[in-house]
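**Q** Pasting input-v8.txt below, which is compact mmCIF, C-alpha atoms.
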```txt
# COMPACT_ATOMS: atom_id res chain seq x y z
CA GLU T 868 -1.03 -8.44 26.41
CA THR T 869 -1.66 -9.13 22.75
CA GLY T 870 0.49 -9.56 19.68
CA VAL T 871 4.25 -9.41 19.97
CA THR T 872 5.88 -7.55 22.85
CA GLN T 873 9.53 -6.59 23.32
CA THR T 874 11.47 -5.37 26.34
CA PRO T 875 13.19 -3.12 26.96
CA ARG T 876 12.02 -0.57 24.41
CA HIS T 877 15.26 1.40 24.75
CA LEU T 878 18.70 0.25 25.87
CA VAL T 879 22.00 2.07 26.18
CA MET T 880 25.04 -0.07 26.90
CA GLY T 881 28.80 0.17 26.91
CA MET T 882 30.97 -2.08 24.79
CA THR T 883 31.95 -4.20 27.79
CA ASN T 884 28.42 -4.72 29.09
CA LYS T 885 26.28 -7.84 28.83
CA LYS T 886 22.57 -7.37 28.29
CA SER T 887 19.60 -9.31 26.93
CA LEU T 888 16.64 -8.39 24.76
CA LYS T 889 13.37 -10.18 25.36
CA CYS T 890 10.53 -10.95 22.98
CA GLU T 891 7.22 -12.60 23.79
CA GLN T 892 4.47 -13.51 21.35
CA HIS T 893 0.85 -14.03 22.39
CA LEU T 894 -0.38 -15.23 19.00
CA GLY T 895 0.12 -18.98 19.41
CA HIS T 896 2.75 -19.00 16.67
CA ASN T 897 5.51 -21.60 16.40
CA ALA T 898 8.25 -19.57 14.69
CA MET T 899 10.10 -16.48 15.90
CA TYR T 900 12.62 -14.15 14.28
CA TRP T 901 15.19 -11.49 15.13
CA TYR T 902 15.78 -8.64 12.67
CA LYS T 903 18.18 -5.71 12.75
CA GLN T 904 17.07 -2.36 11.33
CA SER T 905 19.78 0.23 10.74
CA ALA T 906 19.28 3.68 9.29
CA LYS T 907 18.88 3.73 5.52
CA LYS T 908 19.26 -0.05 5.18
CA PRO T 909 16.65 -2.74 4.55
CA LEU T 910 15.59 -4.94 7.42
CA GLU T 911 18.23 -7.61 7.98
CA LEU T 912 17.20 -11.06 9.14
CA MET T 913 19.46 -12.30 11.95
CA PHE T 914 17.98 -15.52 13.33
CA VAL T 915 14.99 -17.79 12.77
CA TYR T 916 13.63 -20.26 15.29
CA SER T 917 11.02 -22.74 14.13
CA LEU T 918 9.46 -25.15 16.63
CA GLU T 919 12.10 -23.93 19.10
CA GLU T 920 15.01 -24.99 16.88
CA ARG T 921 17.32 -22.50 15.23
CA VAL T 922 16.88 -22.92 11.50
CA GLU T 923 18.66 -19.82 10.27
CA ASN T 924 21.72 -17.92 11.40
CA ASN T 925 22.34 -15.23 8.86
CA SER T 926 26.10 -14.85 9.35
CA VAL T 927 25.60 -12.91 12.55
CA PRO T 928 28.68 -12.22 14.74
CA SER T 929 29.02 -14.38 17.83
CA ARG T 930 28.61 -11.36 20.10
CA PHE T 931 24.88 -11.85 19.40
CA SER T 932 23.55 -15.04 20.98
CA PRO T 933 19.87 -16.03 20.58
CA GLU T 934 17.89 -18.25 22.91
CA CYS T 935 14.43 -19.71 22.41
CA PRO T 936 13.32 -21.55 25.57
CA ASN T 937 9.79 -22.15 24.27
CA SER T 938 7.59 -21.19 21.35
CA SER T 939 6.39 -17.99 23.03
CA HIS T 940 9.70 -16.49 24.14
CA LEU T 941 12.82 -15.40 22.33
CA PHE T 942 15.91 -13.73 23.75
CA LEU T 943 18.90 -12.03 22.20
CA HIS T 944 21.92 -12.00 24.49
CA LEU T 945 24.41 -9.23 23.80
CA HIS T 946 28.05 -9.01 24.87
CA THR T 947 31.05 -6.91 23.86
CA LEU T 948 29.07 -5.08 21.21
CA GLN T 949 30.47 -2.42 18.91
CA PRO T 950 29.07 1.07 18.24
CA GLU T 951 28.03 -0.06 14.73
CA ASP T 952 25.66 -2.53 16.40
CA SER T 953 23.46 0.39 17.43
CA ALA T 954 20.13 -0.15 15.69
CA LEU T 955 16.48 -1.04 16.17
CA TYR T 956 16.17 -4.76 16.91
CA LEU T 957 12.85 -6.20 15.87
CA CYS T 958 11.27 -9.49 16.87
CA ALA T 959 8.61 -11.18 14.74
CA SER T 960 6.56 -14.35 14.89
CA SER T 961 4.58 -16.47 12.45
CA GLN T 962 2.84 -19.81 12.13
CA VAL T 963 4.69 -22.52 10.24
CA HIS T 964 2.76 -25.52 8.96
CA GLY T 965 3.53 -28.10 6.33
CA GLY T 966 6.70 -26.27 5.33
CA TYR T 967 4.77 -23.07 4.63
CA THR T 968 5.07 -19.91 6.68
CA ASP T 969 2.18 -17.55 7.29
CA THR T 970 2.60 -13.79 7.52
CA GLN T 971 5.09 -12.47 10.06
CA TYR T 972 3.91 -10.10 12.77
CA PHE T 973 6.39 -7.70 14.35
CA GLY T 974 6.95 -6.37 17.83
CA PRO T 975 7.63 -2.66 18.54
CA GLY T 976 11.39 -3.15 18.65
CA THR T 977 14.22 -2.33 21.06
CA ARG T 978 16.23 0.78 20.24
CA LEU T 979 19.82 -0.16 21.14
CA THR T 980 22.61 2.36 21.50
CA VAL T 981 26.16 1.11 22.07
CA LEU T 982 28.55 3.70 23.46
CA GLY K 230 20.72 -13.09 -3.39
CA GLN K 231 17.18 -11.86 -3.85
CA GLN K 232 16.74 -8.11 -3.86
CA LEU K 233 13.74 -5.82 -3.91
CA ASN K 234 13.84 -2.38 -5.44
CA GLN K 235 11.24 -0.14 -3.81
CA SER K 236 10.41 3.28 -5.21
CA PRO K 237 10.18 6.07 -4.60
CA GLN K 238 12.47 6.28 -1.57
CA SER K 239 10.58 9.31 -0.28
CA MET K 240 7.44 11.26 -1.10
CA PHE K 241 6.30 14.71 -0.03
CA ILE K 242 2.62 15.30 -0.77
CA GLN K 243 -0.30 17.47 0.21
CA GLU K 244 -3.07 16.12 2.40
CA GLY K 245 -5.83 14.69 0.24
CA GLU K 246 -3.55 13.58 -2.58
CA ASP K 247 -3.33 9.99 -3.77
CA VAL K 248 -0.08 8.05 -3.30
CA SER K 249 1.45 5.27 -5.35
CA MET K 250 4.56 3.23 -4.62
CA ASN K 251 5.91 -0.01 -6.03
CA CYS K 252 8.37 -2.82 -5.60
CA THR K 253 10.15 -4.85 -8.23
CA SER K 254 12.15 -8.01 -7.78
CA SER K 255 14.82 -9.82 -9.72
CA SER K 256 13.10 -13.10 -8.86
CA ILE K 257 9.62 -14.53 -8.38
CA PHE K 258 7.76 -14.45 -5.08
CA ASN K 259 4.67 -16.36 -4.06
CA THR K 260 3.58 -13.81 -1.48
CA TRP K 261 3.83 -10.04 -1.40
CA LEU K 262 3.33 -8.11 1.82
CA TRP K 263 3.03 -4.42 2.54
CA TYR K 264 3.92 -3.06 5.98
CA LYS K 265 3.83 0.41 7.53
CA GLN K 266 6.25 1.52 10.23
CA ASP K 267 5.67 4.50 12.48
CA PRO K 268 8.63 6.17 14.20
CA GLY K 269 9.94 4.09 17.11
CA GLU K 270 7.61 1.19 16.35
CA GLY K 271 7.80 -2.10 14.51
CA PRO K 272 6.30 -2.68 11.07
CA VAL K 273 2.56 -3.34 11.01
CA LEU K 274 1.05 -5.50 8.29
CA LEU K 275 -1.26 -3.59 5.96
CA ILE K 276 -2.05 -5.99 3.12
CA ALA K 277 -0.99 -9.52 2.19
CA LEU K 278 -1.20 -10.78 -1.40
CA TYR K 279 -1.04 -14.48 -2.21
CA LYS K 280 -1.96 -14.83 -5.88
CA ALA K 281 -0.59 -13.32 -9.09
CA GLY K 282 -2.95 -10.63 -10.36
CA GLU K 283 -4.67 -10.32 -6.99
CA LEU K 284 -6.01 -6.86 -6.15
CA THR K 285 -6.79 -6.31 -2.47
CA SER K 286 -8.10 -3.30 -0.58
CA ASN K 287 -7.90 -2.30 3.07
CA GLY K 288 -9.87 0.91 3.51
CA ARG K 289 -8.13 3.62 1.48
CA LEU K 290 -5.25 1.27 0.67
CA THR K 291 -5.15 -0.91 -2.43
CA ALA K 292 -2.36 -3.30 -3.36
CA GLN K 293 -1.82 -5.56 -6.34
CA PHE K 294 0.30 -8.64 -6.93
CA GLY K 295 1.84 -8.29 -10.38
CA ILE K 296 1.04 -10.98 -12.92
CA THR K 297 4.74 -11.66 -13.49
CA ARG K 298 5.05 -12.30 -9.71
CA LYS K 299 8.06 -9.99 -9.74
CA ASP K 300 6.33 -6.79 -8.71
CA SER K 301 3.67 -5.24 -6.53
CA PHE K 302 2.25 -1.79 -5.97
CA LEU K 303 0.48 0.00 -3.14
CA ASN K 304 -1.90 2.92 -3.60
CA ILE K 305 -3.25 5.19 -0.88
CA SER K 306 -6.22 7.34 -1.80
CA ALA K 307 -7.10 10.71 -0.24
CA SER K 308 -4.10 10.78 2.11
CA ILE K 309 -4.52 11.98 5.69
CA PRO K 310 -1.91 13.04 8.28
CA SER K 311 -1.88 9.64 10.01
CA ASP K 312 -0.64 8.04 6.77
CA VAL K 313 2.79 9.51 7.50
CA GLY K 314 5.42 6.82 8.03
CA ILE K 315 7.66 4.39 6.20
CA TYR K 316 6.05 1.81 3.95
CA PHE K 317 7.88 -1.45 3.25
CA CYS K 318 7.20 -4.13 0.70
CA ALA K 319 8.31 -7.68 1.40
CA GLY K 320 8.41 -10.79 -0.72
CA GLN K 321 8.27 -14.38 0.46
CA ASP K 322 8.79 -17.69 -1.31
CA GLN K 323 6.36 -20.47 -0.55
CA GLY K 324 7.90 -22.71 2.05
CA ALA K 325 10.54 -20.14 2.90
CA GLN K 326 10.66 -18.57 6.33
CA LYS K 327 12.62 -15.58 5.12
CA LEU K 328 11.12 -12.28 4.07
CA VAL K 329 13.03 -10.10 1.63
CA PHE K 330 12.35 -6.43 2.36
CA GLY K 331 12.47 -3.37 0.17
CA GLN K 332 14.35 -0.28 1.30
CA GLY K 333 11.14 1.50 2.29
CA THR K 334 9.23 4.57 1.07
CA ARG K 335 9.12 7.47 3.54
CA LEU K 336 5.84 9.35 3.19
CA THR K 337 5.57 12.94 4.42
CA ILE K 338 2.28 14.84 4.23
CA ASN K 339 1.92 18.60 4.29
CA PRO K 340 -1.38 19.66 5.84
```
If you convert what's in this file into structure tokens, what do you get?

**A**
Amino acid sequence: ETGVTQTPRHLVMGMTNKKSLKCEQHLGHNAMYWYKQSAKKPLELMFVYSLEERVENNSVPSRFSPECPNSSHLFLHLHTLQPEDSALYLCASSQVHGGYTDTQYFGPGTRLTVL
Amino acid sequence: GQQLNQSPQSMFIQEGEDVSMNCTSSSIFNTWLWYKQDPGEGPVLLIALYKAGELTSNGRLTAQFGITRKDSFLNISASIPSDVGIYFCAGQDQGAQKLVFGQGTRLTINP
């Protein structure tokens, strides 16, 4: 596997379900990101992890819970979601050094539908 | 907060035509990036620009970093069917880990 991978690619869940999205980067990067992409809206940054510490939480509701167990893996745990949470969830990674961030590379995304 | 205005929002062109799109910002960026997103996929980096005035090419794609550092444009020459998709600009401050994205330009090509 190369680049940034995400699983599952598609997910349909009810509002009472609990599910997790997984992201894995094979680029040797030390920062990972979760974005939300809704129709007709710009990409919205949700969370940033740098050196396995969360450095950004962009006012995301608590029903989204990120986890970064190591520099290569990032999870997004979902519970009691709402239909308006249906979107494409994108993971990205980059290399951070000396306070400067290199270009972000994106995974293929997980298409989430909340019924 | 920082905002990017990307235009046009959509383009319908004939195969073989040249394409031009641009992004303007209310604030200065130190890096401009152009991504392309195919349906059901994540954005793929096309060109990265790191210096004001920089002009960079990637095959039929050419992008420039505006000298004011508040704008950038992307040109595609002699469009082909596989150019169809959504093109996003993104700006980044030096030292910042956040990208600010434009709304995207949806390119449709008639054969």

**Q** Out of K:Met240, K:Leu336, K:Ile305, K:Val273, which residue has the shortest atom-to-atom distance to chain T when counting only C-alpha atoms?

**A**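 For chain T, the nearest of the given residues is K:Val273.
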
**Q** At what distance in Å, to one decimal, does CA of His896 in chain T lie from CA of Ala292 in chain K?

**A**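 Result for CA of Ala292 in chain K versus CA of His896 in chain T: 26.0 Å, one decimal.
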
**Q** Which is closest to Cys890 in chain T among T:Glu934, T:Ala954, T:Lys908, T:Gln873, if we use only C-alpha atoms?

**A**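 Result for the nearest residue to Cys890 in chain T: T:Gln873.
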
**Q** Would you mind listing what lies within 10 Å of Asn884 in chain T as an mmCIF file with C-alpha atoms, keeping the file's coordinate frame, with only C-alpha atoms counted and same-chain residues fewer than 6 positions away left out?

**A**
```
data_model
loop_
_atom_site.group_PDB
_atom_site.id
_atom_site.type_symbol
_atom_site.label_atom_id
_atom_site.label_comp_id
_atom_site.auth_asym_id
_atom_site.auth_seq_id
_atom_site.Cartn_x
_atom_site.Cartn_y
_atom_site.Cartn_z
ATOM 1 C CA LEU T 945 24.410 -9.230 23.800
ATOM 2 C CA HIS T 946 28.050 -9.010 24.870
ATOM 3 C CA THR T 947 31.050 -6.910 23.860
ATOM 4 C CA LEU T 948 29.070 -5.080 21.210
ATOM 5 C CA VAL T 981 26.160 1.110 22.070
#
```

**Q** For chain T, which residues have at least one atom within 7 Å of chain K, if we go by all atoms listed in the file? Write them as a ChimeraX atom specification, please.

**A** /T:908-910,957,966-968,973-976

**Q** Could you state the separation of CA of Ser249 in chain K and CA of Tyr279 in chain K in Å, given to one decimal place?

**A** 20.2 Å

**Q** Could you work out how far CA of Cys958 in chain T lies from CA of Ser301 in chain K, giving the answer in Å with one decimal?

**A**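 Taking CA of Ser301 in chain K as the start and CA of Cys958 in chain T as the end point, the length is 25.0 Å.
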
**Q** Would you kindly return, as a list in words, each protein, DNA or RNA residue with an atom no farther than 10 Å from any atom of Pro936 in chain T, considering all atoms listed in the file and excluding same-chain residues fewer than 6 positions away?

**A**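 The contact residues come out as Glu919, Glu920 and Phe942 of chain T.
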
**Q** What residues have an atom no more than 7 Å from (-1.3, -6.8, -9.7) in the file's own frame, counting all atoms listed in the file, and can you write them as a list of chain:residue names?

**A**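 The answer, in the requested form, is K:Ala281, K:Gly282, K:Glu283, K:Leu284, K:Gln293, K:Phe294, K:Gly295, K:Ile296, K:Ser301.
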